[in-house]
file final_24.pdb (PDB, C-alpha atoms)
ATOM      1  CA  MET A  23    -216.929 180.589  92.687  1.00  0.00           C
ATOM      2  CA  ALA A  24    -213.932 181.371  94.861  1.00  0.00           C
ATOM      3  CA  CYS A  25    -211.559 184.133  93.785  1.00  0.00           C
ATOM      4  CA  TRP A  26    -208.624 181.697  93.547  1.00  0.00           C
ATOM      5  CA  THR A  27    -210.676 179.545  91.152  1.00  0.00           C
ATOM      6  CA  ILE A  28    -211.195 182.584  88.931  1.00  0.00           C
ATOM      7  CA  ILE A  29    -207.433 183.144  88.854  1.00  0.00           C
ATOM      8  CA  ILE A  30    -206.814 179.501  87.873  1.00  0.00           C
ATOM      9  CA  ILE A  31    -209.448 179.577  85.119  1.00  0.00           C
ATOM     10  CA  PHE A  32    -208.087 182.811  83.663  1.00  0.00           C
ATOM     11  CA  ALA A  33    -204.375 182.180  84.365  1.00  0.00           C
ATOM     12  CA  LYS A  34    -203.363 182.406  80.682  1.00  0.00           C
ATOM     13  CA  ILE A  35    -205.045 185.784  80.240  1.00  0.00           C
ATOM     14  CA  LEU A  36    -203.501 187.071  83.466  1.00  0.00           C
ATOM     15  CA  ALA A  37    -200.057 185.814  82.426  1.00  0.00           C
ATOM     16  CA  ASP A  38    -200.397 187.425  78.994  1.00  0.00           C
ATOM     17  CA  HIS A  39    -200.998 190.833  80.589  1.00  0.00           C
ATOM     18  CA  GLN A  40    -198.604 190.467  83.532  1.00  0.00           C
ATOM     19  CA  GLU A  41    -195.387 191.194  81.626  1.00  0.00           C
ATOM     20  CA  ASP A  42    -196.856 194.358  80.099  1.00  0.00           C
ATOM     21  CA  TYR A  43    -198.082 195.485  83.519  1.00  0.00           C
ATOM     22  CA  ILE A  44    -194.650 195.041  85.104  1.00  0.00           C
ATOM     23  CA  ALA A  45    -192.941 196.772  82.182  1.00  0.00           C
ATOM     24  CA  GLN A  46    -195.072 199.884  82.716  1.00  0.00           C
ATOM     25  CA  ARG A  47    -193.551 200.674  86.100  1.00  0.00           C
ATOM     26  CA  GLY A  48    -194.205 204.307  86.977  1.00  0.00           C
ATOM     27  CA  ASP A  49    -196.889 204.782  84.309  1.00  0.00           C
ATOM     28  CA  ASP A  50    -200.151 204.560  86.228  1.00  0.00           C
ATOM     29  CA  TRP A  51    -202.286 205.344  83.170  1.00  0.00           C
ATOM     30  CA  ALA A  52    -200.705 202.505  81.174  1.00  0.00           C
ATOM     31  CA  ARG A  53    -201.180 200.097  84.069  1.00  0.00           C
ATOM     32  CA  VAL A  54    -204.841 201.030  84.393  1.00  0.00           C
ATOM     33  CA  GLN A  55    -205.265 200.445  80.654  1.00  0.00           C
ATOM     34  CA  ILE A  56    -203.578 197.029  80.893  1.00  0.00           C
ATOM     35  CA  ILE A  57    -205.932 196.067  83.736  1.00  0.00           C
ATOM     36  CA  LYS A  58    -208.931 197.196  81.668  1.00  0.00           C
ATOM     37  CA  ASP A  59    -207.684 195.213  78.659  1.00  0.00           C
ATOM     38  CA  CYS A  60    -207.192 192.153  80.863  1.00  0.00           C
ATOM     39  CA  GLN A  61    -210.684 192.520  82.278  1.00  0.00           C
ATOM     40  CA  LYS A  62    -212.160 192.830  78.768  1.00  0.00           C
ATOM     41  CA  ALA A  63    -210.274 189.712  77.664  1.00  0.00           C
ATOM     42  CA  ILE A  64    -211.698 187.791  80.618  1.00  0.00           C
ATOM     43  CA  LEU A  65    -215.232 189.033  80.080  1.00  0.00           C
ATOM     44  CA  VAL A  66    -215.395 187.768  76.475  1.00  0.00           C
ATOM     45  CA  THR A  67    -214.458 184.185  77.409  1.00  0.00           C
ATOM     46  CA  PRO A  68    -217.107 181.456  77.528  1.00  0.00           C
ATOM     47  CA  GLN A  69    -216.260 180.831  81.196  1.00  0.00           C
ATOM     48  CA  ALA A  70    -217.076 184.425  82.126  1.00  0.00           C
ATOM     49  CA  ASN A  71    -220.334 184.308  80.199  1.00  0.00           C
ATOM     50  CA  HIS A  72    -221.549 181.014  81.593  1.00  0.00           C
ATOM     51  CA  LEU A  73    -224.512 181.538  83.895  1.00  0.00           C
ATOM     52  CA  SER A  74    -222.950 179.529  86.711  1.00  0.00           C
ATOM     53  CA  VAL A  75    -219.811 181.667  86.781  1.00  0.00           C
ATOM     54  CA  ALA A  76    -220.128 185.023  88.482  1.00  0.00           C
ATOM     55  CA  LEU A  77    -217.041 187.189  88.371  1.00  0.00           C
ATOM     56  CA  PRO A  78    -216.397 188.943  91.663  1.00  0.00           C
ATOM     57  CA  ASP A  79    -217.049 192.672  91.876  1.00  0.00           C
ATOM     58  CA  GLY A  80    -213.427 193.141  92.868  1.00  0.00           C
ATOM     59  CA  LEU A  81    -212.011 191.700  89.634  1.00  0.00           C
ATOM     60  CA  GLN A  82    -209.666 194.652  89.186  1.00  0.00           C
ATOM     61  CA  SER A  83    -208.363 194.180  92.729  1.00  0.00           C
ATOM     62  CA  ALA A  84    -207.903 190.446  92.144  1.00  0.00           C
ATOM     63  CA  ILE A  85    -205.900 191.088  88.998  1.00  0.00           C
ATOM     64  CA  ARG A  86    -203.762 193.661  90.776  1.00  0.00           C
ATOM     65  CA  THR A  87    -203.226 191.262  93.677  1.00  0.00           C
ATOM     66  CA  GLU A  88    -202.000 188.575  91.274  1.00  0.00           C
ATOM     67  CA  PHE A  89    -199.652 191.003  89.499  1.00  0.00           C
ATOM     68  CA  MET A  90    -198.379 192.362  92.821  1.00  0.00           C
ATOM     69  CA  LYS A  91    -196.638 189.052  93.488  1.00  0.00           C
ATOM     70  CA  LYS A  92    -194.177 189.897  90.700  1.00  0.00           C
ATOM     71  CA  LEU A  93    -193.448 193.548  91.517  1.00  0.00           C
ATOM     72  CA  SER A  94    -190.345 195.082  93.010  1.00  0.00           C
ATOM     73  CA  GLU A  95    -190.571 196.318  96.598  1.00  0.00           C
ATOM     74  CA  SER A  96    -190.988 199.961  95.565  1.00  0.00           C
ATOM     75  CA  ASP A  97    -193.780 199.145  93.111  1.00  0.00           C
ATOM     76  CA  LEU A  98    -195.361 196.778  95.606  1.00  0.00           C
ATOM     77  CA  SER A  99    -195.851 199.452  98.257  1.00  0.00           C
ATOM     78  CA  ASP A 100    -197.476 201.789  95.699  1.00  0.00           C
ATOM     79  CA  GLU A 101    -199.838 199.075  94.470  1.00  0.00           C
ATOM     80  CA  GLU A 102    -200.749 197.948  97.993  1.00  0.00           C
ATOM     81  CA  ALA A 103    -201.681 201.528  98.851  1.00  0.00           C
ATOM     82  CA  ALA A 104    -203.864 201.764  95.732  1.00  0.00           C
ATOM     83  CA  VAL A 105    -205.645 198.490  96.526  1.00  0.00           C
ATOM     84  CA  GLU A 106    -206.213 199.510 100.159  1.00  0.00           C
ATOM     85  CA  ALA A 107    -207.611 202.883  99.095  1.00  0.00           C
ATOM     86  CA  LYS A 108    -210.009 201.197  96.691  1.00  0.00           C
ATOM     87  CA  GLU A 109    -211.130 198.655  99.297  1.00  0.00           C
ATOM     88  CA  GLU A 110    -211.790 201.429 101.823  1.00  0.00           C
ATOM     89  CA  LYS A 111    -214.137 203.127  99.339  1.00  0.00           C
ATOM     90  CA  GLN A 112    -216.225 199.942  98.938  1.00  0.00           C
TER
END
call {"tool": "encode", "arguments": {"input": "final_24.pdb", "output": "structure tokens"}}
result
Amino acid sequence: MACWTIIIIFAKILADHQEDYIAQRGDDWARVQIIKDCQKAILVTPQANHLSVALPDGLQSAIRTEFMKKLSESDLSDEEAAVEAKEEKQ
């Protein structure tokens, strides 16, 4: 399943966590916790537990990418650097 399809299927969960994520500007720990909570919410859905649906290994990066669309320029550069650093490790 394509990554964009995952985002469409789980759009409500992503939207529910997006506002909290943006509100925690400057608090990296809180943002990490929000991403973990979002991931947990996705993983308990029937769609995530259906055998034909495989969540991508980079789910955290996909969530961050979706949230990045709503960030200010200063937050955006910090998040892009974090995503790039994570991708380089993989």
call {"tool": "closest_residue", "arguments": {"input": "final_24.pdb", "among": "A:Arg47, A:Ile31, A:His39, A:Lys62", "to": "A:Leu93", "atoms": "all atoms listed in the file"}}
result
A:Arg47
call {"tool": "closest_residue", "arguments": {"input": "final_24.pdb", "among": "A:Leu81, A:Met90, A:Ala103, A:Ala37", "to": "A:Gln61", "atoms": "all atoms listed in the file"}}
result
A:Leu81
call {"tool": "axis_aligned_box", "arguments": {"input": "final_24.pdb", "around": "stretch 80-96 of chain A", "padding_each_side": "3 Å", "output": "JSON"}}
result
{"center_x": -201.9, "center_y": 194.3, "center_z": 92.8, "size_x": 29.1, "size_y": 17.4, "size_z": 13.6}
call {"tool": "closest_residue", "arguments": {"input": "final_24.pdb", "among": "A:Asp97, A:Glu88, A:Glu110, A:Ala33", "to": "A:Asp50", "atoms": "all atoms listed in the file"}}
result
A:Asp97
call {"tool": "atom_distance", "arguments": {"input": "final_24.pdb", "atom1": "atom CA of A:Ile56", "atom2": "atom CA of A:Gln40"}}
result
8.6 Å
call {"tool": "closest_residue", "arguments": {"input": "final_24.pdb", "among": "A:Gly80, A:Arg86, A:Ile35, A:Asp42", "to": "A:Asp100", "atoms": "only C-alpha atoms"}}
result
A:Arg86
call {"tool": "atom_distance", "arguments": {"input": "final_24.pdb", "atom1": "atom CA of A:Leu98", "atom2": "atom CA of A:Cys60"}}
result
19.5 Å
call {"tool": "atom_distance", "arguments": {"input": "final_24.pdb", "atom1": "atom CA of A:Ser83", "atom2": "atom CA of A:Val105"}}
result
6.4 Å
call {"tool": "closest_residue", "arguments": {"input": "final_24.pdb", "among": "A:Glu101, A:Ile44, A:Thr87, A:Lys34", "to": "A:Ile64", "atoms": "all atoms listed in the file"}}
result
A:Lys34
call {"tool": "closest_residue", "arguments": {"input": "final_24.pdb", "among": "A:Ser96, A:Ala107, A:Leu36, A:Gln69", "to": "A:Gly48", "atoms": "only C-alpha atoms"}}
result
A:Ser96
call {"tool": "build_atoms", "arguments": {"input": "final_24.pdb", "residues": "stretch 53-64 of chain A", "atoms": "all heavy atoms", "output": "PDB file, in the coordinates of the input"}}
result
ATOM      1  N   ARG A  53    -200.809 201.250  83.242  1.00  0.00           N
ATOM      2  CA  ARG A  53    -201.180 200.097  84.069  1.00  0.00           C
ATOM      3  C   ARG A  53    -202.697 199.961  84.181  1.00  0.00           C
ATOM      4  O   ARG A  53    -203.229 198.856  84.118  1.00  0.00           O
ATOM      5  CB  ARG A  53    -200.545 200.200  85.447  1.00  0.00           C
ATOM      6  CG  ARG A  53    -199.076 199.830  85.420  1.00  0.00           C
ATOM      7  CD  ARG A  53    -198.479 199.803  86.786  1.00  0.00           C
ATOM      8  NE  ARG A  53    -197.226 199.045  86.747  1.00  0.00           N
ATOM      9  CZ  ARG A  53    -196.508 198.759  87.806  1.00  0.00           C
ATOM     10  NH1 ARG A  53    -196.894 199.160  88.995  1.00  0.00           N
ATOM     11  NH2 ARG A  53    -195.397 198.074  87.687  1.00  0.00           N
ATOM     12  N   VAL A  54    -203.374 201.072  84.339  1.00  0.00           N
ATOM     13  CA  VAL A  54    -204.841 201.030  84.393  1.00  0.00           C
ATOM     14  C   VAL A  54    -205.385 200.483  83.078  1.00  0.00           C
ATOM     15  O   VAL A  54    -206.306 199.655  83.067  1.00  0.00           O
ATOM     16  CB  VAL A  54    -205.419 202.432  84.707  1.00  0.00           C
ATOM     17  CG1 VAL A  54    -206.919 202.470  84.462  1.00  0.00           C
ATOM     18  CG2 VAL A  54    -205.104 202.826  86.135  1.00  0.00           C
ATOM     19  N   GLN A  55    -204.815 200.926  81.968  1.00  0.00           N
ATOM     20  CA  GLN A  55    -205.265 200.445  80.654  1.00  0.00           C
ATOM     21  C   GLN A  55    -205.016 198.953  80.495  1.00  0.00           C
ATOM     22  O   GLN A  55    -205.860 198.226  79.961  1.00  0.00           O
ATOM     23  CB  GLN A  55    -204.574 201.219  79.532  1.00  0.00           C
ATOM     24  CG  GLN A  55    -205.160 200.929  78.164  1.00  0.00           C
ATOM     25  CD  GLN A  55    -206.640 201.258  78.080  1.00  0.00           C
ATOM     26  OE1 GLN A  55    -207.073 202.328  78.476  1.00  0.00           O
ATOM     27  NE2 GLN A  55    -207.427 200.323  77.570  1.00  0.00           N
ATOM     28  N   ILE A  56    -203.883 198.464  80.977  1.00  0.00           N
ATOM     29  CA  ILE A  56    -203.578 197.029  80.893  1.00  0.00           C
ATOM     30  C   ILE A  56    -204.587 196.236  81.722  1.00  0.00           C
ATOM     31  O   ILE A  56    -205.078 195.188  81.293  1.00  0.00           O
ATOM     32  CB  ILE A  56    -202.130 196.743  81.351  1.00  0.00           C
ATOM     33  CG1 ILE A  56    -201.153 197.334  80.320  1.00  0.00           C
ATOM     34  CG2 ILE A  56    -201.886 195.250  81.543  1.00  0.00           C
ATOM     35  CD1 ILE A  56    -199.725 197.434  80.807  1.00  0.00           C
ATOM     36  N   ILE A  57    -204.929 196.741  82.895  1.00  0.00           N
ATOM     37  CA  ILE A  57    -205.932 196.067  83.736  1.00  0.00           C
ATOM     38  C   ILE A  57    -207.284 196.043  83.026  1.00  0.00           C
ATOM     39  O   ILE A  57    -207.982 195.036  83.020  1.00  0.00           O
ATOM     40  CB  ILE A  57    -206.018 196.734  85.117  1.00  0.00           C
ATOM     41  CG1 ILE A  57    -204.748 196.426  85.915  1.00  0.00           C
ATOM     42  CG2 ILE A  57    -207.254 196.256  85.876  1.00  0.00           C
ATOM     43  CD1 ILE A  57    -204.610 197.208  87.197  1.00  0.00           C
ATOM     44  N   LYS A  58    -207.665 197.151  82.406  1.00  0.00           N
ATOM     45  CA  LYS A  58    -208.931 197.196  81.668  1.00  0.00           C
ATOM     46  C   LYS A  58    -208.921 196.211  80.507  1.00  0.00           C
ATOM     47  O   LYS A  58    -209.912 195.512  80.261  1.00  0.00           O
ATOM     48  CB  LYS A  58    -209.195 198.610  81.154  1.00  0.00           C
ATOM     49  CG  LYS A  58    -209.610 199.574  82.230  1.00  0.00           C
ATOM     50  CD  LYS A  58    -209.853 200.957  81.649  1.00  0.00           C
ATOM     51  CE  LYS A  58    -210.221 201.951  82.735  1.00  0.00           C
ATOM     52  NZ  LYS A  58    -210.460 203.299  82.173  1.00  0.00           N
ATOM     53  N   ASP A  59    -207.799 196.151  79.779  1.00  0.00           N
ATOM     54  CA  ASP A  59    -207.684 195.213  78.659  1.00  0.00           C
ATOM     55  C   ASP A  59    -207.778 193.767  79.151  1.00  0.00           C
ATOM     56  O   ASP A  59    -208.417 192.925  78.515  1.00  0.00           O
ATOM     57  CB  ASP A  59    -206.370 195.416  77.912  1.00  0.00           C
ATOM     58  CG  ASP A  59    -206.294 196.750  77.174  1.00  0.00           C
ATOM     59  OD1 ASP A  59    -207.351 197.413  77.000  1.00  0.00           O
ATOM     60  OD2 ASP A  59    -205.176 197.134  76.781  1.00  0.00           O
ATOM     61  N   CYS A  60    -207.144 193.490  80.267  1.00  0.00           N
ATOM     62  CA  CYS A  60    -207.192 192.153  80.863  1.00  0.00           C
ATOM     63  C   CYS A  60    -208.622 191.803  81.256  1.00  0.00           C
ATOM     64  O   CYS A  60    -209.105 190.703  80.972  1.00  0.00           O
ATOM     65  CB  CYS A  60    -206.253 192.097  82.063  1.00  0.00           C
ATOM     66  SG  CYS A  60    -206.101 190.463  82.800  1.00  0.00           S
ATOM     67  N   GLN A  61    -209.302 192.737  81.873  1.00  0.00           N
ATOM     68  CA  GLN A  61    -210.684 192.520  82.278  1.00  0.00           C
ATOM     69  C   GLN A  61    -211.562 192.255  81.050  1.00  0.00           C
ATOM     70  O   GLN A  61    -212.375 191.330  81.058  1.00  0.00           O
ATOM     71  CB  GLN A  61    -211.213 193.722  83.047  1.00  0.00           C
ATOM     72  CG  GLN A  61    -212.632 193.546  83.537  1.00  0.00           C
ATOM     73  CD  GLN A  61    -213.126 194.742  84.322  1.00  0.00           C
ATOM     74  OE1 GLN A  61    -212.601 195.837  84.230  1.00  0.00           O
ATOM     75  NE2 GLN A  61    -214.158 194.533  85.104  1.00  0.00           N
ATOM     76  N   LYS A  62    -211.382 193.043  79.997  1.00  0.00           N
ATOM     77  CA  LYS A  62    -212.160 192.830  78.768  1.00  0.00           C
ATOM     78  C   LYS A  62    -211.894 191.451  78.186  1.00  0.00           C
ATOM     79  O   LYS A  62    -212.821 190.770  77.730  1.00  0.00           O
ATOM     80  CB  LYS A  62    -211.825 193.909  77.737  1.00  0.00           C
ATOM     81  CG  LYS A  62    -212.413 195.251  78.049  1.00  0.00           C
ATOM     82  CD  LYS A  62    -211.986 196.274  76.999  1.00  0.00           C
ATOM     83  CE  LYS A  62    -212.387 197.673  77.426  1.00  0.00           C
ATOM     84  NZ  LYS A  62    -211.890 198.679  76.471  1.00  0.00           N
ATOM     85  N   ALA A  63    -210.625 191.030  78.190  1.00  0.00           N
ATOM     86  CA  ALA A  63    -210.274 189.712  77.664  1.00  0.00           C
ATOM     87  C   ALA A  63    -210.944 188.600  78.461  1.00  0.00           C
ATOM     88  O   ALA A  63    -211.409 187.605  77.899  1.00  0.00           O
ATOM     89  CB  ALA A  63    -208.752 189.526  77.662  1.00  0.00           C
ATOM     90  N   ILE A  64    -211.029 188.783  79.764  1.00  0.00           N
ATOM     91  CA  ILE A  64    -211.698 187.791  80.618  1.00  0.00           C
ATOM     92  C   ILE A  64    -213.192 187.778  80.357  1.00  0.00           C
ATOM     93  O   ILE A  64    -213.810 186.720  80.238  1.00  0.00           O
ATOM     94  CB  ILE A  64    -211.393 188.067  82.107  1.00  0.00           C
ATOM     95  CG1 ILE A  64    -209.939 187.706  82.409  1.00  0.00           C
ATOM     96  CG2 ILE A  64    -212.349 187.290  83.011  1.00  0.00           C
ATOM     97  CD1 ILE A  64    -209.457 188.132  83.785  1.00  0.00           C
TER      98      ILE A  64
END
